[in-house]
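Next up, protein_1.pdb (PDB, C-alpha atoms and all ligand atoms):
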```
MODEL        1
ATOM      1  CA  MET A  61      39.514 -90.430  52.748
ATOM      2  CA  ILE A  62      37.386 -87.335  52.347
ATOM      3  CA  GLN A  63      34.061 -87.879  50.633
ATOM      4  CA  ARG A  64      34.131 -85.378  47.784
ATOM      5  CA  THR A  65      30.989 -86.226  45.954
ATOM      6  CA  LYS A  66      27.855 -84.691  47.439
ATOM      7  CA  THR A  67      25.082 -87.012  48.451
ATOM      8  CA  PRO A  68      22.780 -87.056  45.411
ATOM      9  CA  ARG A  69      19.190 -85.927  45.768
ATOM     10  CA  CYS A  70      16.379 -87.550  43.871
ATOM     11  CA  LYS A  71      15.277 -85.317  40.997
ATOM     12  CA  TRP A  72      11.668 -86.201  41.679
ATOM     13  CA  CYS A  73      11.090 -86.511  45.434
ATOM     14  CA  LYS A  74      14.137 -84.457  46.430
ATOM     15  CA  ASN A  75      15.208 -86.989  49.074
ATOM     16  CA  SER A  76      18.857 -87.893  49.259
ATOM     17  CA  PHE A  77      19.691 -91.401  48.150
ATOM     18  CA  THR A  78      22.642 -93.675  47.574
ATOM     19  CA  ARG A  79      23.494 -94.113  43.949
ATOM     20  CA  THR A  80      23.658 -97.744  42.964
ATOM     21  CA  ARG A  81      24.397 -97.160  39.301
ATOM     22  CA  PRO A  82      26.362 -94.261  37.864
ATOM     23  CA  GLY A  83      24.091 -91.687  36.229
ATOM     24  CA  ASP A  84      21.102 -92.443  38.436
ATOM     25  CA  VAL A  85      19.176 -89.255  39.167
ATOM     26  CA  CYS A  86      16.228 -90.713  41.049
ATOM     27  CA  CYS A  87      15.995 -92.739  44.241
ATOM     28  CA  SER A  88      13.607 -95.379  42.908
ATOM     29  CA  VAL A  89      12.018 -96.770  39.777
ATOM     30  CA  GLU A  90       8.737 -95.015  40.697
ATOM     31  CA  CYS A  91      10.443 -91.648  41.008
ATOM     32  CA  GLY A  92      12.356 -92.361  37.816
ATOM     33  CA  ILE A  93       9.126 -92.927  35.898
ATOM     34  CA  GLN A  94       7.509 -89.748  37.234
ATOM     35  CA  TYR A  95      10.590 -87.715  36.520
ATOM     36  CA  GLY A  96      10.925 -89.198  33.039
ATOM     37  CA  MET A  97       7.328 -88.397  32.184
ATOM     38  CA  LYS A  98       7.724 -84.825  33.300
ATOM     39  CA  ALA A  99      10.898 -84.421  31.268
ATOM     40  CA  ALA A 100       9.172 -85.881  28.188
ATOM     41  CA  ALA A 101       6.228 -83.507  28.624
ATOM     42  CA  LYS A 102       8.631 -80.609  28.740
ATOM     43  CA  VAL A 103      10.239 -81.681  25.479
ATOM     44  CA  ARG A 104       6.831 -82.132  23.873
ATOM     45  CA  LYS A 105       5.721 -78.674  25.027
ATOM     46  CA  ALA A 106       8.846 -77.086  23.572
ATOM     47  CA  ALA A 107       8.243 -78.844  20.252
ATOM     48  CA  GLU A 108       4.644 -77.612  20.199
ATOM     49  CA  LEU A 109       5.751 -74.049  20.829
ATOM     50  CA  GLU A 110       8.289 -74.279  18.053
ATOM     51  CA  GLN A 111       5.597 -75.640  15.720
ATOM     52  CA  LYS A 112       3.281 -72.756  16.600
ATOM     53  CA  LYS A 113       6.039 -70.271  15.934
ATOM     54  CA  GLN A 114       6.677 -71.798  12.522
ATOM     55  CA  THR A 115       2.980 -71.778  11.645
ATOM     56  CA  ARG A 116       2.774 -68.121  12.621
ATOM     57  CA  ALA A 117       5.786 -67.288  10.482
ATOM     58  CA  GLN A 118       4.322 -69.216   7.538
ATOM     59  CA  ARG A 119       0.980 -67.440   7.851
ATOM     60  CA  GLU A 120       2.716 -64.067   7.946
ATOM     61  CA  GLU A 121       4.717 -65.088   4.886
ATOM     62  CA  MET A 122       1.545 -66.004   2.987
ATOM     63  CA  LYS A 123      -0.335 -62.766   3.644
ATOM     64  CA  THR A 124      -1.234 -60.912   0.464
ATOM     65  CA  LEU A 125      -0.462 -57.258  -0.217
ATOM     66  CA  PRO A 126      -4.076 -56.120   0.388
ATOM     67  CA  VAL A 127      -4.202 -57.934   3.727
ATOM     68  CA  LEU A 128      -0.934 -56.362   4.842
ATOM     69  CA  ARG A 129      -2.170 -52.968   3.680
ATOM     70  CA  VAL A 130      -5.328 -53.301   5.773
ATOM     71  CA  GLU A 131      -3.299 -54.376   8.800
ATOM     72  CA  ALA A 132      -0.882 -51.462   8.473
ATOM     73  CA  GLN A 133      -3.771 -49.037   7.923
ATOM     74  CA  ARG A 134      -5.501 -50.276  11.051
ATOM     75  CA  GLU A 135      -2.417 -49.511  13.140
ATOM     76  CA  PHE A 136      -1.907 -46.128  11.479
ATOM     77  CA  ASN A 137      -5.546 -45.127  12.023
ATOM     78  CA  ARG A 138      -5.432 -46.243  15.623
ATOM     79  CA  PHE A 139      -2.361 -44.120  16.190
ATOM     80  CA  ILE A 140      -4.004 -41.042  14.639
ATOM     81  CA  ARG A 141      -7.140 -41.492  16.768
ATOM     82  CA  LEU A 142      -4.989 -41.697  19.847
ATOM     83  CA  ARG A 143      -2.726 -38.826  18.794
ATOM     84  CA  ASP A 144      -5.784 -36.595  18.384
ATOM     85  CA  ALA A 145      -7.678 -37.843  21.432
ATOM     86  CA  GLY A 146      -8.975 -34.863  23.371
ATOM     87  CA  LYS A 147      -8.918 -32.616  20.313
ATOM     88  CA  PRO A 148     -12.145 -31.621  18.600
ATOM     89  CA  CYS A 149     -13.203 -33.068  15.250
ATOM     90  CA  ILE A 150     -11.013 -31.654  12.487
ATOM     91  CA  CYS A 151     -13.944 -30.380  10.429
ATOM     92  CA  CYS A 152     -16.784 -29.388  12.769
ATOM     93  CA  GLY A 153     -14.981 -28.701  16.034
ATOM     94  CA  LYS A 154     -17.274 -30.947  18.079
ATOM     95  CA  LEU A 155     -15.852 -33.282  20.691
ATOM     96  CA  PRO A 156     -16.657 -36.990  20.497
ATOM     97  CA  GLN A 157     -18.938 -38.195  23.263
ATOM     98  CA  SER A 158     -17.281 -41.607  23.377
ATOM     99  CA  ASP A 159     -13.836 -42.673  24.467
ATOM    100  CA  PRO A 160     -11.574 -41.802  21.526
ATOM    101  CA  LEU A 161      -9.147 -44.560  22.482
ATOM    102  CA  THR A 162     -11.591 -47.330  21.670
ATOM    103  CA  GLY A 163     -12.945 -45.790  18.480
ATOM    104  CA  GLY A 164     -16.659 -45.366  19.077
ATOM    105  CA  GLN A 165     -17.654 -42.091  17.411
ATOM    106  CA  TRP A 166     -14.035 -41.286  16.673
ATOM    107  CA  ASP A 167     -12.424 -42.054  13.313
ATOM    108  CA  CYS A 168      -9.143 -41.429  11.639
ATOM    109  CA  GLY A 169     -10.242 -39.262   8.731
ATOM    110  CA  HIS A 170      -7.988 -38.650   5.748
ATOM    111  CA  TYR A 171      -7.954 -35.198   4.170
ATOM    112  CA  ARG A 172      -7.164 -36.549   0.726
ATOM    113  CA  SER A 173      -9.013 -39.827   0.753
ATOM    114  CA  VAL A 174      -7.308 -43.196   0.715
ATOM    115  CA  GLY A 175      -9.240 -44.001  -2.449
ATOM    116  CA  SER A 176      -8.176 -40.977  -4.471
ATOM    117  CA  ALA A 177      -4.720 -40.451  -2.937
ATOM    118  CA  PRO A 178      -3.487 -43.874  -1.840
ATOM    119  CA  HIS A 179       0.087 -42.590  -1.665
ATOM    120  CA  LEU A 180      -0.939 -40.433   1.313
ATOM    121  CA  ARG A 181      -2.704 -43.176   3.224
ATOM    122  CA  PHE A 182       0.098 -43.346   5.772
ATOM    123  CA  ASP A 183       0.931 -39.633   5.802
ATOM    124  CA  GLU A 184       0.435 -38.229   9.296
ATOM    125  CA  ARG A 185      -0.186 -34.708   7.975
ATOM    126  CA  ASN A 186      -3.010 -36.052   5.847
ATOM    127  CA  ALA A 187      -4.962 -37.631   8.692
ATOM    128  CA  ALA A 188      -6.747 -36.375  11.772
ATOM    129  CA  GLY A 189      -9.225 -37.410  14.420
ATOM    130  CA  GLN A 190     -12.683 -36.920  12.971
ATOM    131  CA  LEU A 191     -16.206 -37.767  14.030
ATOM    132  CA  LYS A 192     -17.463 -40.867  12.235
ATOM    133  CA  GLN A 193     -20.525 -39.085  10.886
ATOM    134  CA  CYS A 194     -18.305 -36.331   9.401
ATOM    135  CA  ASN A 195     -15.883 -38.872   7.969
ATOM    136  CA  ARG A 196     -18.793 -40.593   6.254
ATOM    137  CA  ASP A 197     -19.716 -37.327   4.562
ATOM    138  CA  GLY A 198     -16.280 -37.439   2.949
ATOM    139  CA  ALA A 199     -16.096 -34.880   0.170
ATOM    140  CA  GLY A 200     -19.010 -33.008   1.722
ATOM    141  CA  ARG A 201     -16.713 -32.034   4.556
ATOM    142  CA  ALA A 202     -13.629 -31.274   2.465
ATOM    143  CA  VAL A 203     -13.820 -27.484   2.847
ATOM    144  CA  ASP A 204     -14.293 -27.614   6.622
ATOM    145  CA  TYR A 205     -11.574 -30.238   6.902
ATOM    146  CA  ARG A 206      -9.232 -27.960   4.969
ATOM    147  CA  ILE A 207      -9.897 -25.046   7.324
ATOM    148  CA  GLY A 208      -9.329 -27.266  10.369
ATOM    149  CA  LEU A 209      -6.167 -28.736   8.908
ATOM    150  CA  ILE A 210      -4.703 -25.317   8.064
ATOM    151  CA  ALA A 211      -5.273 -24.314  11.694
ATOM    152  CA  ARG A 212      -3.303 -27.343  12.835
ATOM    153  CA  ILE A 213      -0.439 -27.780  10.399
ATOM    154  CA  GLY A 214      -0.420 -24.479   8.507
ATOM    155  CA  LEU A 215      -1.304 -23.462   4.972
ATOM    156  CA  ALA A 216       2.098 -24.386   3.512
ATOM    157  CA  ALA A 217       1.838 -28.001   4.714
ATOM    158  CA  VAL A 218      -1.728 -28.300   3.432
ATOM    159  CA  GLU A 219      -0.730 -26.939   0.033
ATOM    160  CA  ALA A 220       2.222 -29.326  -0.045
ATOM    161  CA  LEU A 221      -0.186 -32.200   0.581
ATOM    162  CA  GLU A 222      -2.489 -30.978  -2.159
ATOM    163  CA  ALA A 223       0.397 -30.795  -4.606
ATOM    164  CA  ASP A 224       1.836 -34.181  -3.671
ATOM    165  CA  ASN A 225       1.034 -36.638  -6.430
ATOM    166  CA  THR A 226       4.157 -38.747  -6.298
ATOM    167  CA  PRO A 227       2.974 -42.330  -6.469
ATOM    168  CA  LEU A 228       4.198 -44.571  -3.693
ATOM    169  CA  HIS A 229       4.260 -48.312  -3.917
ATOM    170  CA  TYR A 230       4.558 -50.346  -0.784
ATOM    171  CA  THR A 231       6.152 -53.746  -0.763
ATOM    172  CA  LYS A 232       5.025 -56.404   1.663
ATOM    173  CA  ASP A 233       7.981 -55.669   3.878
ATOM    174  CA  ASP A 234       7.251 -51.917   3.755
ATOM    175  CA  LEU A 235       3.749 -52.629   5.002
ATOM    176  CA  ARG A 236       4.987 -54.955   7.739
ATOM    177  CA  ALA A 237       7.441 -52.268   8.818
ATOM    178  CA  LEU A 238       4.712 -49.604   8.829
ATOM    179  CA  LYS A 239       2.445 -51.793  10.909
ATOM    180  CA  ALA A 240       5.205 -52.374  13.459
ATOM    181  CA  HIS A 241       6.134 -48.684  13.419
ATOM    182  CA  TYR A 242       2.628 -47.471  14.271
ATOM    183  CA  LYS A 243       2.067 -50.213  16.782
ATOM    184  CA  ALA A 244       5.184 -49.001  18.589
ATOM    185  CA  LYS A 245       4.147 -45.350  18.348
ATOM    186  CA  THR A 246       0.726 -46.148  19.797
ATOM    187  CA  ARG A 247       2.347 -48.078  22.633
ATOM    188  CA  GLU A 248       4.593 -45.098  23.292
ATOM    189  CA  LEU A 249       1.624 -42.713  23.422
ATOM    190  CA  LEU A 250      -0.283 -45.017  25.747
ATOM    191  CA  ALA A 251       2.728 -45.323  28.036
ATOM    192  CA  GLY A 252       3.039 -41.530  28.101
ATOM    193  CA  ARG A 253      -0.552 -41.257  29.242
ATOM    194  CA  GLY A 254       0.136 -43.615  32.110
TER     195      GLY A 254
HETATM  196 ZN    ZN B   1      12.684 -90.187  44.817
HETATM  197 ZN    ZN B   2     -16.650 -33.045  12.175
ENDMDL
END
```
Encoded form using structure tokens:
Amino acid sequence: MIQRTKTPRCKWCKNSFTRTRPGDVCCSVECGIQYGMKAAAKVRKAAELEQKKQTRAQREEMKTLPVLRVEAQREFNRFIRLRDAGKPCICCGKLPQSDPLTGGQWDCGHYRSVGSAPHLRFDERNAAGQLKQCNRDGAGRAVDYRIGLIARIGLAAVEALEADNTPLHYTKDDLRALKAHYKAKTRELLAGRG
């Protein structure tokens, strides 16, 4: 008779062995214990990962609107800084002396401020790379900012921004989507730079 079953190999020490009981996967009790412990550790690890995933999901679920707004704004601002890296400051025309990718002297400055025009806080036309010291001057730089912005996006777009007073209300999911959107756009820009 032809032997059809392959000689089993111990799951732990990998040596071939003769099965004395059906279902045996190890050659000896010692190997069986080792193998069993490893298998149990694997199960435990998977359970821990699942637990972590759930905790993360719960924490995301519990985030308040202001927290989500800050998180989305951070990603938006980072994208604008990166988009305008290499360009001069929107209002004074000076180049930042630090690496614009990591922030440093480089800010994302809003033309109409986030405080007075919150509906434009995520409007790409309304934001540009700006030196931190200029951004801090805020309204003091508004005229220069306007001139710089007209040069970049044109008078019509600037006037459209100035006339835009349609309130916008973001839901939690809107803000999560915006955060993901700008994270992806930043990644895309970084990939393009190589
Ligand atoms: Zn073995
Ligand atoms: Zn400036």
Exercise. Taking the file as shown, find all residues satisfying the PyMOL selection byres (((chain A and resi 226) around 10) and not hetatm) and write them as a PyMOL selection string.
Key: chain A and resi 177+179-180+223-225+227-229
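You can rank A:Gly198, A:Gly83, A:Gly175, A:Gly214 by their closest distance to Cys70 in chain A using all atoms listed in the file, and at the top of that list sits A:Gly83.
Comparing the minimum interatomic distances between Glu248 in chain A and each of A:Cys73, A:Met97, A:Ala117, A:Leu142, counting all atoms listed in the file, we find that A:Leu142 sits nearest.
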Practice problem: Using all atoms listed in the file, find each protein or nucleic acid residue lying at most 9 Å from ligand ZN 2 (chain B); present the set as a PyMOL selection string. | Solution: chain A and resi 148-155+189-195+201+204-205
Quiz prompt | Selection within 8 Å of ligand ZN 1 (chain B) by only C-alpha atoms and all ligand atoms, output as a list in words | solution =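 So the residues close to ligand ZN 1 (chain B) are Arg69, Cys70, Lys71, Trp72, Cys73, Lys74, Asn75, Ser76, Phe77, Cys86, Cys87, Ser88, Glu90, Cys91 and Gly92 of chain A.
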Exercise. Could you check how far CA of Thr246 in chain A sits from CA of Glu184 in chain A, in Å to one decimal?
Key: 13.2 Å
Quiz prompt | Length of the CA of Asp183 in chain A to CA of Gly200 in chain A vector [Å] | solution =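 Computing it gives 21.4 Å between the two atoms.
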Practice problem: Give me, please, the distance in Å between CA of Ala145 in chain A and CA of Gln165 in chain A, quoted to one decimal. | Solution: 11.6 Å
Self-check item: Chain and number of each residue from the PyMOL selection byres (((chain A and resi 210) around 12) and not hetatm), as a ChimeraX atom specification
Solution: /A:150-151,171,185-186,188,203-209,211-222
